[in-house]
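Here is the structure we will look at.
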Amino acid sequence: TLFRNYNTGVGRDVWNQRVRDMCSGIRSLFGEAVGDATYSVIHSRSLEGEPGFRLLNNVARKVGCDPVAALEMRPDYIKSILEPLGLMHHPIVLITDGQNSDVVRRLRADEEIGPLLRTVPSKDSWIGGDITLAIMSDAFIGNPASTFAGFIAKSRASLGFGHSYLFRAKDENGNWRTVCGDHCVFDKTILGVMS
């Protein structure tokens, strides 16, 4: 089990509110075959526009990652991660705050990514379900300036899951590469209070 007291959507929380199923997102996309599902997750978060660029730029100065790629989530960036992993023939799930429709539009328009792109139906999309969906994915692509993506990457690392991609930049040959590994999400000198 993923969590000790896995929340199946039965019962009430400490505020007497009905609890939700942590696997609602996974089940809505893959049915009961969730254990056999191979998929990746992209977390697109704009971080309220200009403040998001400033946050990511601050992280980029510290580790050398690209100052905009994790906000723009362009198709070449996504493919540079998923192709070497053999995940360009499996569903790509997009979880997003909905603030940057350009990301969705670009990914849907790409002839390789578009047919693979999935989103969780709104009735099943909520913070707990999105977190579980991302943690359990075969690869996670997120923004290092997002605390949500940081939590997911930390959870994946703590569970022994690899393939979390937050800190990337192009090398001198124009190829995308990871510039700071999974340990970076725990490093206070890089992420400060977000680590």
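Lettering and numbering for the structure tokens are positional, with chains as A, B, ... in the shown order, residues counted from 1 in each chain, and ligands counted from 1 in the shown order.
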
Proximity of segment 9-88 of chain A to segment 139-160 of chain A: per-residue shortest pair, 8 Å limit, only C-alpha atoms, as a Markdown table:
```
| residue | atom | partner | partner_atom | distance |
| --- | --- | --- | --- | --- |
| A:Tyr39 | CA | A:Ala139 | CA | 7.3 |
| A:Ser40 | CA | A:Ala139 | CA | 4.7 |
| A:Val41 | CA | A:Phe140 | CA | 5.0 |
| A:Ile42 | CA | A:Ile141 | CA | 4.7 |
| A:His43 | CA | A:Gly142 | CA | 5.0 |
| A:Ser44 | CA | A:Gly142 | CA | 6.7 |
| A:Arg45 | CA | A:Asn143 | CA | 7.2 |
| A:Leu47 | CA | A:Ser146 | CA | 7.2 |
| A:Gly52 | CA | A:Ala145 | CA | 7.4 |
| A:Leu55 | CA | A:Ala145 | CA | 5.7 |
| A:Leu56 | CA | A:Ala145 | CA | 5.1 |
| A:Val59 | CA | A:Ala145 | CA | 6.8 |
| A:Ala70 | CA | A:Asn143 | CA | 4.8 |
| A:Leu71 | CA | A:Asn143 | CA | 6.5 |
| A:Ile78 | CA | A:Ile141 | CA | 7.8 |
| A:Leu82 | CA | A:Ala139 | CA | 7.8 |
```

All strand (DSSP E) residues (DSSP, backbone) inside segment 116-190 of chain A, as a list in words = Leu117, Arg118, Ala139, Phe140, Ile141, Ser164, Tyr165, Arg168, Ala169, Lys170, Trp176, Arg177 and Thr178 of chain A

Keeping only N, CA and C atoms, take the residues you just selected and write them out as a compact mmCIF listing (two decimals), in the first residue's frame.
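Dumped to result_37.txt:
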```
# COMPACT_ATOMS: atom_id res chain seq x y z
N LEU A 117 -1.92 12.32 -24.75
CA LEU A 117 -2.20 13.21 -23.64
C LEU A 117 -3.57 12.93 -23.03
N ARG A 118 -3.60 12.83 -21.70
CA ARG A 118 -4.82 12.58 -20.95
C ARG A 118 -4.91 13.60 -19.82
N ALA A 139 7.15 8.09 -14.70
CA ALA A 139 8.03 9.26 -14.79
C ALA A 139 7.20 10.49 -14.43
N PHE A 140 7.83 11.40 -13.71
CA PHE A 140 7.16 12.64 -13.30
C PHE A 140 7.99 13.82 -13.79
N ILE A 141 7.32 14.77 -14.45
CA ILE A 141 7.96 15.98 -14.95
C ILE A 141 7.29 17.17 -14.28
N SER A 164 12.12 11.31 -11.65
CA SER A 164 11.46 12.60 -11.42
C SER A 164 12.35 13.65 -12.07
N TYR A 165 11.76 14.46 -12.93
CA TYR A 165 12.54 15.42 -13.72
C TYR A 165 12.06 16.84 -13.43
N ARG A 168 16.37 20.66 -15.33
CA ARG A 168 16.93 20.31 -16.64
C ARG A 168 17.43 21.56 -17.36
N ALA A 169 18.42 21.36 -18.21
CA ALA A 169 18.96 22.45 -19.04
C ALA A 169 19.54 21.83 -20.30
N LYS A 170 19.73 22.65 -21.31
CA LYS A 170 20.38 22.19 -22.54
C LYS A 170 21.89 22.26 -22.37
N TRP A 176 18.86 18.26 -24.04
CA TRP A 176 18.40 18.43 -22.67
C TRP A 176 19.07 17.41 -21.77
N ARG A 177 19.43 17.83 -20.55
CA ARG A 177 20.02 16.93 -19.57
C ARG A 177 19.60 17.38 -18.17
N THR A 178 19.68 16.46 -17.23
CA THR A 178 19.39 16.77 -15.83
C THR A 178 20.63 17.42 -15.23
```

Taking the chain letters and numbering used in this document, name the residues of segment 41-139 of chain A that DSSP puts in alpha helix (DSSP H), as a ChimeraX atom specification.
-> /A:50-63,69-72,75-82,101-109,127-135

Output file for the residues above (N, CA and C atoms, as a compact mmCIF listing (two decimals), in the first residue's frame):
```txt
# COMPACT_ATOMS: atom_id res chain seq x y z
N GLU A 50 4.07 36.06 -13.74
CA GLU A 50 5.39 36.67 -13.52
C GLU A 50 6.07 36.19 -12.23
N PRO A 51 5.34 36.06 -11.12
CA PRO A 51 6.00 35.53 -9.91
C PRO A 51 6.59 34.13 -10.14
N GLY A 52 5.95 33.34 -10.97
CA GLY A 52 6.46 32.00 -11.28
C GLY A 52 7.79 32.06 -12.02
N PHE A 53 7.91 33.00 -12.95
CA PHE A 53 9.17 33.17 -13.67
C PHE A 53 10.27 33.61 -12.72
N ARG A 54 9.95 34.50 -11.77
CA ARG A 54 10.95 34.95 -10.80
C ARG A 54 11.39 33.80 -9.90
N LEU A 55 10.44 32.98 -9.44
CA LEU A 55 10.79 31.84 -8.59
C LEU A 55 11.68 30.85 -9.32
N LEU A 56 11.28 30.49 -10.54
CA LEU A 56 12.06 29.52 -11.32
C LEU A 56 13.43 30.10 -11.67
N ASN A 57 13.49 31.38 -11.98
CA ASN A 57 14.77 32.03 -12.30
C ASN A 57 15.71 31.97 -11.10
N ASN A 58 15.19 32.13 -9.90
CA ASN A 58 15.99 32.05 -8.68
C ASN A 58 16.57 30.64 -8.53
N VAL A 59 15.76 29.61 -8.74
CA VAL A 59 16.24 28.22 -8.68
C VAL A 59 17.27 27.99 -9.78
N ALA A 60 17.00 28.49 -10.97
CA ALA A 60 17.91 28.31 -12.12
C ALA A 60 19.29 28.89 -11.84
N ARG A 61 19.35 30.05 -11.19
CA ARG A 61 20.64 30.65 -10.85
C ARG A 61 21.45 29.76 -9.90
N LYS A 62 20.77 29.03 -9.04
CA LYS A 62 21.46 28.20 -8.05
C LYS A 62 21.94 26.86 -8.62
N VAL A 63 21.16 26.28 -9.53
CA VAL A 63 21.52 24.93 -10.01
C VAL A 63 21.84 24.84 -11.49
N ALA A 69 11.89 26.50 -19.05
CA ALA A 69 11.42 25.23 -19.61
C ALA A 69 10.36 24.55 -18.76
N ALA A 70 10.53 24.55 -17.44
CA ALA A 70 9.57 23.87 -16.56
C ALA A 70 8.25 24.61 -16.44
N LEU A 71 8.22 25.86 -16.86
CA LEU A 71 6.95 26.61 -16.92
C LEU A 71 6.28 26.42 -18.28
N GLU A 72 7.07 26.37 -19.34
CA GLU A 72 6.51 26.28 -20.69
C GLU A 72 6.15 24.85 -21.09
N PRO A 75 6.89 20.63 -26.18
CA PRO A 75 7.00 19.23 -26.62
C PRO A 75 8.42 18.68 -26.69
N ASP A 76 9.40 19.47 -27.19
CA ASP A 76 10.77 18.94 -27.27
C ASP A 76 11.33 18.65 -25.89
N TYR A 77 10.97 19.44 -24.91
CA TYR A 77 11.40 19.23 -23.53
C TYR A 77 10.82 17.91 -23.00
N ILE A 78 9.53 17.72 -23.19
CA ILE A 78 8.85 16.51 -22.72
C ILE A 78 9.42 15.27 -23.42
N LYS A 79 9.57 15.34 -24.73
CA LYS A 79 10.10 14.19 -25.49
C LYS A 79 11.53 13.85 -25.08
N SER A 80 12.32 14.86 -24.73
CA SER A 80 13.71 14.59 -24.33
C SER A 80 13.77 13.74 -23.07
N ILE A 81 12.73 13.76 -22.30
CA ILE A 81 12.65 12.95 -21.08
C ILE A 81 12.01 11.60 -21.37
N LEU A 82 10.88 11.61 -22.06
CA LEU A 82 10.10 10.38 -22.22
C LEU A 82 10.64 9.42 -23.27
N SER A 101 -3.07 28.00 -20.49
CA SER A 101 -3.69 27.15 -21.52
C SER A 101 -2.76 26.92 -22.71
N ASP A 102 -1.71 27.75 -22.86
CA ASP A 102 -0.76 27.55 -23.95
C ASP A 102 -0.05 26.20 -23.83
N VAL A 103 0.25 25.77 -22.61
CA VAL A 103 0.91 24.48 -22.40
C VAL A 103 0.03 23.36 -22.95
N VAL A 104 -1.23 23.35 -22.57
CA VAL A 104 -2.15 22.31 -23.02
C VAL A 104 -2.29 22.36 -24.54
N ARG A 105 -2.44 23.55 -25.07
CA ARG A 105 -2.62 23.72 -26.52
C ARG A 105 -1.40 23.20 -27.29
N ARG A 106 -0.20 23.55 -26.83
CA ARG A 106 1.03 23.08 -27.49
C ARG A 106 1.16 21.56 -27.45
N LEU A 107 0.92 20.98 -26.28
CA LEU A 107 1.07 19.53 -26.13
C LEU A 107 0.02 18.78 -26.95
N ARG A 108 -1.21 19.28 -26.96
CA ARG A 108 -2.27 18.63 -27.76
C ARG A 108 -1.98 18.73 -29.26
N ALA A 109 -1.36 19.84 -29.68
CA ALA A 109 -1.07 20.05 -31.10
C ALA A 109 0.11 19.21 -31.59
N ILE A 127 -6.66 17.56 -5.23
CA ILE A 127 -5.26 17.56 -4.83
C ILE A 127 -4.74 16.18 -4.42
N GLY A 128 -5.50 15.46 -3.61
CA GLY A 128 -5.06 14.13 -3.17
C GLY A 128 -4.96 13.14 -4.31
N GLY A 129 -5.96 13.14 -5.18
CA GLY A 129 -5.95 12.23 -6.33
C GLY A 129 -4.84 12.56 -7.31
N ASP A 130 -4.59 13.86 -7.53
CA ASP A 130 -3.52 14.28 -8.44
C ASP A 130 -2.15 13.91 -7.87
N ILE A 131 -1.98 14.08 -6.57
CA ILE A 131 -0.71 13.72 -5.94
C ILE A 131 -0.45 12.22 -6.09
N THR A 132 -1.44 11.41 -5.78
CA THR A 132 -1.27 9.96 -5.88
C THR A 132 -0.96 9.55 -7.31
N LEU A 133 -1.69 10.11 -8.26
CA LEU A 133 -1.47 9.83 -9.68
C LEU A 133 -0.03 10.13 -10.08
N ALA A 134 0.49 11.26 -9.63
CA ALA A 134 1.86 11.65 -9.98
C ALA A 134 2.91 10.80 -9.26
N ILE A 135 2.68 10.52 -7.99
CA ILE A 135 3.64 9.71 -7.23
C ILE A 135 3.78 8.33 -7.84
```

Within 6 Å of Phe167 of chain A, counting only C-alpha atoms, which residues qualify if same-chain residues fewer than 5 places away don't, as a ChimeraX atom specification?
-> /A:65,178-180

Counting only C-alpha atoms, which of A:Thr38, A:Ser137, A:Asn173, A:Ser125 gets nearest to Pro91 of chain A?
-> A:Thr38

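The space separating atom CA of Asp138 of chain A from atom CA of Gly162 of chain A comes to 8.2 Å.
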
For Asp36 of chain A, the nearest of the candidates A:Phe161, A:Met136, A:Thr189, A:Gly98, counting only C-alpha atoms =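 Among the listed residues, A:Met136 lies closest to Asp36 of chain A.
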
Within 10 Å of Pro121 of chain A using only C-alpha atoms, minus same-chain residues under 6 positions, as an NGL selection string = :A and (24-25 or 28-29)

Go ahead and dump the residues you just picked, N, CA and C atoms, as an mmCIF file, in the first residue's frame.
```cif
data_model
loop_
_atom_site.group_PDB
_atom_site.id
_atom_site.type_symbol
_atom_site.label_atom_id
_atom_site.label_comp_id
_atom_site.auth_asym_id
_atom_site.auth_seq_id
_atom_site.Cartn_x
_atom_site.Cartn_y
_atom_site.Cartn_z
ATOM 1 N N SER A 24 -8.704 8.204 -6.926
ATOM 2 C CA SER A 24 -9.773 8.572 -7.863
ATOM 3 C C SER A 24 -9.219 8.954 -9.232
ATOM 4 N N GLY A 25 -8.099 9.673 -9.275
ATOM 5 C CA GLY A 25 -7.509 10.082 -10.551
ATOM 6 C C GLY A 25 -6.999 8.897 -11.348
ATOM 7 N N SER A 28 -9.961 6.787 -12.584
ATOM 8 C CA SER A 28 -10.741 7.410 -13.655
ATOM 9 C C SER A 28 -10.064 7.237 -15.013
ATOM 10 N N LEU A 29 -8.734 7.140 -15.022
ATOM 11 C CA LEU A 29 -7.997 6.998 -16.281
ATOM 12 C C LEU A 29 -7.720 5.545 -16.660
#
```

Between atom CA of Pro67 of chain A and atom CA of His163 of chain A, what is the distance, to one decimal in Å?
->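 Between atom CA of Pro67 of chain A and atom CA of His163 of chain A the gap is 20.6 Å.
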
Figure out the distance between atom CA of Gly64 of chain A and atom CA of Leu166 of chain A, please, to one decimal in Å.
->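 Taking atom CA of Leu166 of chain A and atom CA of Gly64 of chain A, their separation equals 11.7 Å.
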